$ cat query-v4.cif   # mmCIF, C-alpha atoms
data_input
loop_
_atom_site.label_atom_id
_atom_site.label_comp_id
_atom_site.auth_asym_id
_atom_site.auth_seq_id
_atom_site.Cartn_x
_atom_site.Cartn_y
_atom_site.Cartn_z
CA ARG A 718 -21.75 9.63 -38.87
CA HIS A 719 -19.32 8.20 -41.47
CA ALA A 720 -21.94 5.55 -42.39
CA PHE A 721 -20.65 5.13 -45.98
CA LYS A 722 -17.33 6.97 -45.63
CA ASP A 723 -14.55 5.69 -47.92
CA CYS A 724 -16.91 3.46 -49.91
CA LYS A 725 -14.96 4.41 -53.01
CA ASP A 726 -16.96 2.15 -55.34
CA LEU A 727 -20.32 3.55 -54.21
CA LYS A 728 -21.83 5.27 -57.27
CA THR A 729 -25.60 4.93 -56.90
CA VAL A 730 -27.63 6.00 -53.86
CA THR A 731 -31.41 6.25 -53.57
CA LEU A 732 -32.64 8.13 -50.50
CA ASN A 733 -36.18 7.53 -49.26
CA GLU A 734 -39.00 9.94 -48.48
CA GLY A 735 -39.24 9.89 -44.70
CA LEU A 736 -35.48 10.26 -44.21
CA LYS A 737 -34.79 13.20 -41.89
CA SER A 738 -31.09 13.33 -41.08
CA ILE A 739 -27.78 12.64 -42.88
CA GLY A 740 -24.93 12.49 -40.37
CA ASN A 741 -21.44 13.96 -40.39
CA GLY A 742 -19.35 12.62 -43.26
CA SER A 743 -21.87 9.92 -44.14
CA PHE A 744 -20.99 9.99 -47.85
CA LYS A 745 -17.46 11.40 -47.71
CA ASP A 746 -14.96 9.94 -50.20
CA THR A 747 -17.51 7.98 -52.23
CA SER A 748 -18.06 8.01 -56.01
CA ILE A 749 -21.73 9.02 -56.06
CA GLU A 750 -22.62 10.42 -59.48
CA GLU A 751 -26.09 11.78 -58.76
CA ILE A 752 -28.20 12.19 -55.62
CA THR A 753 -31.66 13.55 -54.84
CA ILE A 754 -32.35 14.88 -51.34
CA PRO A 755 -35.89 13.89 -50.25
CA SER A 756 -38.40 16.54 -49.20
CA THR A 757 -38.39 15.20 -45.63
CA VAL A 758 -34.67 15.78 -44.93
CA ASP A 759 -34.04 18.70 -42.56
CA ASP A 760 -30.54 17.96 -41.22
CA ILE A 761 -27.46 17.41 -43.46
CA HIS A 762 -23.89 17.20 -42.19
CA SER A 763 -22.24 15.53 -45.18
CA SER A 764 -20.95 16.77 -48.52
CA PHE A 765 -21.58 14.67 -51.63
CA GLY A 766 -18.34 15.09 -53.52
CA ASP A 767 -18.61 15.60 -57.27
CA ALA A 768 -22.18 14.27 -57.40
CA GLU A 769 -24.90 16.06 -59.33
CA ILE A 770 -27.22 17.27 -56.56
CA LYS A 771 -31.01 17.62 -56.73
CA VAL A 772 -33.55 18.43 -54.02
CA ALA A 773 -37.09 17.08 -54.17
CA ASP A 774 -39.92 19.60 -54.48
CA GLY A 775 -41.38 20.50 -51.11
CA ASN A 776 -38.18 20.43 -49.07
CA ALA A 777 -38.53 23.39 -46.71
CA LYS A 778 -34.88 23.63 -45.68
CA TYR A 779 -32.65 22.90 -48.70
CA GLU A 780 -32.41 23.80 -52.37
CA ALA A 781 -29.97 22.99 -55.19
CA ILE A 782 -28.64 25.74 -57.47
CA ASP A 783 -25.92 25.20 -60.10
CA ASN A 784 -24.90 21.94 -58.47
CA CYS A 785 -24.62 23.52 -55.02
CA LEU A 786 -26.64 22.26 -52.06
CA ILE A 787 -27.78 25.33 -50.12
CA GLU A 788 -29.53 25.88 -46.79
CA LYS A 789 -32.36 28.25 -47.66
CA THR A 790 -32.63 30.41 -44.53
CA THR A 791 -28.92 30.87 -43.81
CA LYS A 792 -27.79 30.88 -47.47
CA LYS A 793 -24.98 28.51 -46.49
CA LEU A 794 -23.51 26.22 -49.14
CA ILE A 795 -23.48 22.70 -47.66
CA SER A 796 -22.01 20.71 -50.55
CA GLY A 797 -20.44 21.38 -53.94
CA GLY A 798 -18.05 19.75 -56.38
CA LYS A 799 -16.31 19.79 -59.73
CA HIS A 800 -19.29 21.12 -61.69
CA SER A 801 -20.54 23.67 -59.16
CA ILE A 802 -20.89 27.38 -59.88
CA LEU A 803 -21.29 29.40 -56.70
CA PRO A 804 -24.45 31.52 -57.01
CA GLU A 805 -24.74 35.13 -55.92
CA GLY A 806 -26.62 35.47 -52.65
CA ILE A 807 -24.90 32.75 -50.64
CA LYS A 808 -23.36 34.05 -47.42
CA GLU A 809 -21.20 31.15 -46.25
CA ILE A 810 -19.36 28.15 -47.62
CA GLY A 811 -19.86 25.46 -44.99
CA LYS A 812 -17.40 23.18 -43.24
CA GLN A 813 -15.93 20.56 -45.61
CA ALA A 814 -18.34 21.65 -48.38
CA PHE A 815 -15.94 20.81 -51.26
CA TYR A 816 -13.67 18.45 -49.27
CA GLY A 817 -11.63 16.19 -51.58
CA THR A 818 -13.54 17.04 -54.76
CA SER A 819 -12.15 17.53 -58.27
CA VAL A 820 -13.00 21.23 -58.49
CA GLU A 821 -10.36 23.10 -60.52
CA LYS A 822 -11.46 26.73 -60.36
CA ILE A 823 -13.58 28.69 -57.89
CA THR A 824 -14.87 32.24 -57.76
CA ILE A 825 -16.31 33.33 -54.43
CA PRO A 826 -19.38 35.59 -54.89
CA ASN A 827 -19.44 39.08 -53.37
CA THR A 828 -22.09 38.04 -50.85
CA VAL A 829 -19.91 35.44 -49.07
CA GLU A 830 -18.55 36.49 -45.67
CA LYS A 831 -17.18 33.18 -44.37
CA ILE A 832 -15.38 30.13 -45.75
CA GLY A 833 -15.71 27.30 -43.25
CA SER A 834 -12.99 25.00 -41.91
CA TYR A 835 -11.65 22.44 -44.40
CA ALA A 836 -14.06 23.79 -47.05
CA PHE A 837 -11.67 23.00 -49.94
CA TYR A 838 -9.33 20.64 -48.07
CA ASN A 839 -7.50 18.13 -50.30
CA CYS A 840 -8.99 19.53 -53.53
CA ASN A 841 -5.79 18.54 -55.30
CA ASN A 842 -6.87 19.90 -58.68
CA LEU A 843 -7.84 23.34 -57.39
CA LYS A 844 -5.46 25.84 -59.01
CA THR A 845 -7.41 29.08 -59.39
CA VAL A 846 -9.27 30.88 -56.58
CA THR A 847 -10.78 34.37 -56.67
CA LEU A 848 -11.72 35.75 -53.26
CA ASN A 849 -14.26 38.57 -52.93
CA GLU A 850 -14.15 41.90 -51.17
CA GLY A 851 -16.52 41.47 -48.25
CA LEU A 852 -15.05 38.12 -47.23
CA LYS A 853 -14.14 38.21 -43.53
CA SER A 854 -13.09 34.73 -42.42
CA ILE A 855 -11.16 31.79 -43.91
CA GLY A 856 -11.44 28.78 -41.61
CA ARG A 857 -8.83 26.30 -40.44
CA GLY A 858 -7.47 24.14 -43.24
CA ALA A 859 -9.86 25.67 -45.78
CA PHE A 860 -7.30 25.59 -48.62
CA SER A 861 -4.82 23.02 -47.28
CA GLY A 862 -3.87 20.30 -49.76
CA THR A 863 -4.78 22.29 -52.88
CA SER A 864 -2.67 23.33 -55.89
CA ILE A 865 -3.46 27.05 -55.84
CA GLU A 866 -0.82 28.92 -57.86
CA LYS A 867 -1.54 32.46 -56.69
CA ILE A 868 -4.06 34.09 -54.39
CA THR A 869 -5.00 37.63 -53.38
CA ILE A 870 -6.34 38.24 -49.87
CA PRO A 871 -9.06 40.94 -49.87
CA SER A 872 -8.82 43.98 -47.60
CA SER A 873 -11.92 42.83 -45.69
CA VAL A 874 -10.42 39.56 -44.38
CA ASP A 875 -9.64 39.64 -40.67
CA TYR A 876 -9.22 35.92 -39.89
CA ILE A 877 -7.18 33.31 -41.74
CA GLY A 878 -6.83 29.82 -40.28
CA SER A 879 -5.48 28.07 -43.37
CA MET A 880 -2.08 27.79 -44.96
CA LEU A 881 -2.06 28.38 -48.72
CA GLY A 882 0.61 25.94 -49.87
CA ASP A 883 3.05 26.99 -52.57
CA ALA A 884 0.74 29.76 -53.80
CA LYS A 885 2.18 33.19 -54.52
CA ILE A 886 0.42 35.43 -52.02
CA LYS A 887 -0.71 39.04 -52.28
CA VAL A 888 -2.72 41.14 -49.84
CA VAL A 889 -4.89 44.02 -51.03
CA ASP A 890 -3.86 47.48 -49.79
CA GLY A 891 -5.99 48.50 -46.85
CA ASN A 892 -6.07 45.18 -45.05
CA SER A 893 -5.45 46.17 -41.43
CA LYS A 894 -4.46 42.71 -40.19
CA TYR A 895 -2.35 40.96 -42.84
CA GLU A 896 0.49 41.71 -45.24
CA ALA A 897 2.51 39.66 -47.71
CA THR A 898 6.29 39.86 -47.94
CA ASP A 899 8.45 37.55 -50.07
CA ASP A 900 5.58 35.07 -50.46
CA CYS A 901 4.94 34.91 -46.72
CA LEU A 902 1.50 35.78 -45.35
CA ILE A 903 2.14 37.70 -42.13
CA GLU A 904 -0.06 38.85 -39.26
CA LYS A 905 1.02 42.46 -38.83
CA ALA A 906 0.56 42.93 -35.08
CA THR A 907 2.27 39.71 -33.98
CA LYS A 908 4.76 39.35 -36.85
CA LYS A 909 3.66 35.72 -37.19
CA ILE A 910 3.85 33.87 -40.50
CA ILE A 911 0.45 32.31 -41.23
CA SER A 912 1.42 30.72 -44.56
CA GLY A 913 4.48 30.23 -46.70
CA GLY A 914 5.72 27.88 -49.41
CA LYS A 915 8.34 26.96 -51.98
CA HIS A 916 9.20 30.54 -52.93
CA SER A 917 9.13 32.10 -49.45
CA ILE A 918 12.03 33.95 -47.82
CA ILE A 919 11.65 34.58 -44.09
CA GLN A 920 12.76 38.12 -43.34
CA ASP A 921 14.32 39.59 -40.18
CA GLY A 922 11.63 40.91 -37.85
CA ILE A 923 9.44 37.80 -37.96
CA ARG A 924 8.78 36.60 -34.40
CA GLU A 925 6.86 33.37 -34.93
CA ILE A 926 6.18 30.76 -37.59
CA GLY A 927 2.61 29.63 -37.05
CA ASP A 928 1.15 26.14 -36.73
CA GLU A 929 1.19 24.27 -40.09
CA ALA A 930 2.44 27.41 -41.86
CA PHE A 931 4.60 25.53 -44.41
CA SER A 932 3.15 22.04 -43.91
CA GLY A 933 3.23 19.85 -47.02
CA THR A 934 4.80 22.50 -49.29
CA SER A 935 7.71 22.08 -51.73
CA ILE A 936 10.15 24.31 -49.85
CA GLN A 937 13.72 23.02 -50.13
CA SER A 938 15.76 25.28 -47.87
CA VAL A 939 14.95 27.65 -45.02
CA THR A 940 16.90 30.03 -42.82
CA ILE A 941 15.19 31.08 -39.60
CA PRO A 942 16.11 34.68 -38.63
CA SER A 943 17.38 35.46 -35.13
CA THR A 944 14.16 37.40 -34.40
CA VAL A 945 12.07 34.19 -34.48
CA GLU A 946 11.41 32.83 -30.98
CA LYS A 947 8.83 30.15 -31.80
CA ILE A 948 8.19 27.64 -34.56
CA GLY A 949 4.67 26.23 -34.22
CA ARG A 950 3.40 22.66 -34.31
CA HIS A 951 3.59 20.93 -37.69
CA ALA A 952 5.11 24.13 -39.13
CA PHE A 953 7.20 22.25 -41.73
CA LYS A 954 5.63 18.81 -41.36
CA ASP A 955 5.69 16.66 -44.52
CA CYS A 956 7.83 19.13 -46.47
CA LYS A 957 9.45 16.18 -48.23
CA ASP A 958 11.88 18.29 -50.28
CA LEU A 959 13.20 20.22 -47.28
CA LYS A 960 16.86 19.29 -46.83
CA THR A 961 18.58 22.38 -45.44
CA VAL A 962 17.49 24.25 -42.29
CA THR A 963 19.43 26.91 -40.41
CA LEU A 964 18.16 27.67 -36.90
CA ASN A 965 19.51 30.88 -35.40
CA GLU A 966 20.33 31.92 -31.87
CA GLY A 967 17.21 33.41 -30.29
CA LEU A 968 14.91 30.47 -31.05
CA LYS A 969 13.25 29.25 -27.83
CA GLU A 970 10.43 26.89 -28.77
CA LEU A 971 9.86 24.17 -31.36
CA GLY A 972 6.31 22.79 -31.65
CA ASP A 973 5.20 19.17 -31.94
CA ALA A 974 6.40 17.50 -35.17
CA ALA A 975 7.65 20.84 -36.49
CA PHE A 976 10.06 19.15 -38.94
CA SER A 977 8.57 15.66 -39.06
CA GLY A 978 8.44 14.01 -42.49
CA THR A 979 11.17 16.18 -44.04
CA SER A 980 14.48 15.26 -45.69
CA ILE A 981 16.75 17.25 -43.36
CA GLU A 982 20.24 15.74 -43.42
CA SER A 983 21.79 17.61 -40.47
CA ILE A 984 20.86 20.40 -38.11
CA THR A 985 22.47 22.49 -35.36
CA ILE A 986 20.38 23.23 -32.27
CA PRO A 987 20.83 26.82 -30.95
CA SER A 988 21.88 27.34 -27.34
CA THR A 989 18.70 29.38 -26.73
CA LEU A 990 16.31 26.49 -27.44
CA GLU A 991 14.59 25.54 -24.19
CA GLU A 992 12.67 22.42 -25.15
CA ILE A 993 12.45 19.80 -27.91
CA VAL A 994 9.09 18.00 -27.93
CA ALA A 995 7.62 14.87 -29.52
CA GLU A 996 8.53 13.93 -33.11
CA THR A 997 10.23 17.28 -33.80
CA PHE A 998 12.54 15.86 -36.46
#
$ encode --input "query-v4.cif" --output "structure tokens"
Amino acid sequence: RHAFKDCKDLKTVTLNEGLKSIGNGSFKDTSIEEITIPSTVDDIHSSFGDAEIKVADGNAKYEAIDNCLIEKTTKKLISGGKHSILPEGIKEIGKQAFYGTSVEKITIPNTVEKIGSYAFYNCNNLKTVTLNEGLKSIGRGAFSGTSIEKITIPSSVDYIGSMLGDAKIKVVDGNSKYEATDDCLIEKATKKIISGGKHSIIQDGIREIGDEAFSGTSIQSVTIPSTVEKIGRHAFKDCKDLKTVTLNEGLKELGDAAFSGTSIESITIPSTLEEIVAETF
């Protein structure tokens, strides 16, 4: 695992016939321009960034279509990058598949049901995403660290584990689990904010701000309503423009590093707060 990780000058790789396994993150954050997967490889746990991907004839497990490395039997996309076009028929976008690549625009085919954890993490140039009806799950951190400007959550989605940055958020009518109000993505049953950003206003009735919900966004000012009892870990972490925060009576719990890495100048702690944990401010 991580055998060539962060070898930023690595551009040329020749893999040998006889190679069977490529470990987790082996070629993450390299500059490989082109790579051919040998016919003998049957176990891949690394994406290949923006590389042009080919698979040797005779490989029983993997194929390359439109610059996407795909597991044949599961129809899971293992690796893609800037020049990839997601083909119809794939069912899953795998963990870290596009991690840190230069992809700018992505359209998820109608056949995809799951986007894995950190699938598009730190794709800084990614601005446009179209999600498909039929999609059920968006994994942890899948779209963290992107530049998505607006996004619509399909009615079929019933799990979201990723914040969506400063994106303007909409939810399709008929989604039983999520709603969007004032650019906040909210879990209906729990009244928990899953994601918010620069343009969000937190309304009365919200009970919880979830882990990492606003992390790394451009939000400048926030007022926490009196209905909020918990702010999760890393909720506003690295919001470098955040200067003004109003915490209201009723707040009981602040998670680890909830406001770490911000520009808050002063803050008043409510009488109801029961505990302040590590690196909160």
$ resolve_selection --input "query-v4.cif" --expression "the PyMOL selection byres ((chain A and resi 965-967) around 9)" --output "list of chain:residue names"
A:Thr940, A:Ile941, A:Pro942, A:Ser943, A:Thr944, A:Val945, A:Glu946, A:Thr963, A:Leu964, A:Leu968, A:Lys969, A:Thr985, A:Ile986, A:Pro987, A:Ser988, A:Thr989, A:Leu990
$ resolve_selection --input "query-v4.cif" --expression "the PyMOL selection byres ((chain A and resi 915) around 6)" --output "list in words"
Asp883, Gly914, His916, Ser917, Ser935 and Ile936 of chain A
$ write_last_selection --input "query-v4.cif" --atoms "C-alpha atoms" --output "PDB file, keeping the file's coordinate frame"
ATOM      1  CA  ASP A 883       3.050  26.990 -52.570  1.00  0.00           C
ATOM      2  CA  GLY A 914       5.720  27.880 -49.410  1.00  0.00           C
ATOM      3  CA  HIS A 916       9.200  30.540 -52.930  1.00  0.00           C
ATOM      4  CA  SER A 917       9.130  32.100 -49.450  1.00  0.00           C
ATOM      5  CA  SER A 935       7.710  22.080 -51.730  1.00  0.00           C
ATOM      6  CA  ILE A 936      10.150  24.310 -49.850  1.00  0.00           C
TER       7      ILE A 936
END
$ atom_distance --input "query-v4.cif" --atom1 "CA of Val874 in chain A" --atom2 "CA of Ser932 in chain A"
22.2 Å
$ resolve_selection --input "query-v4.cif" --expression "the PyMOL selection byres ((chain A and resi 875) around 7)" --output "NGL selection string"
:A and (853-854 or 873-874 or 876-877 or 894)
$ residues_around --input "query-v4.cif" --residues "Val939 in chain A" --least-positions-apart "3" --cutoff "8 Å" --atoms "all atoms listed in the file" --output "JSON, numbers by chain"
{"A": [918, 919, 936, 959, 961, 962, 963]}
$ residues_around --input "query-v4.cif" --residues "Lys822 in chain A" --least-positions-apart "5" --cutoff "7 Å" --atoms "all atoms listed in the file" --output "list in words"
Leu843, Lys844, Thr845 and Val846 of chain A
$ closest_residue --input "query-v4.cif" --among "A:Ala952, A:Cys840, A:Ala975, A:Val888" --to "Gly817 in chain A" --atoms "only C-alpha atoms"
A:Cys840
$ atom_distance --input "query-v4.cif" --atom1 "CA of Glu850 in chain A" --atom2 "CA of Ala884 in chain A"
19.4 Å
$ closest_residue --input "query-v4.cif" --among "A:Gln813, A:Asn842, A:Thr997, A:Thr847" --to "Pro826 in chain A" --atoms "all atoms listed in the file"
A:Thr847
$ residues_around --input "query-v4.cif" --residues "range 739-747 of chain A" --least-positions-apart "5" --cutoff "10 Å" --atoms "only C-alpha atoms" --output "PyMOL selection string"
chain A and resi 718-730+754+758-768+813+816-818
$ closest_residue --input "query-v4.cif" --among "A:Ser912, A:Thr828, A:Thr791, A:Ser938" --to "Thr898 in chain A" --atoms "all atoms listed in the file"
A:Ser912
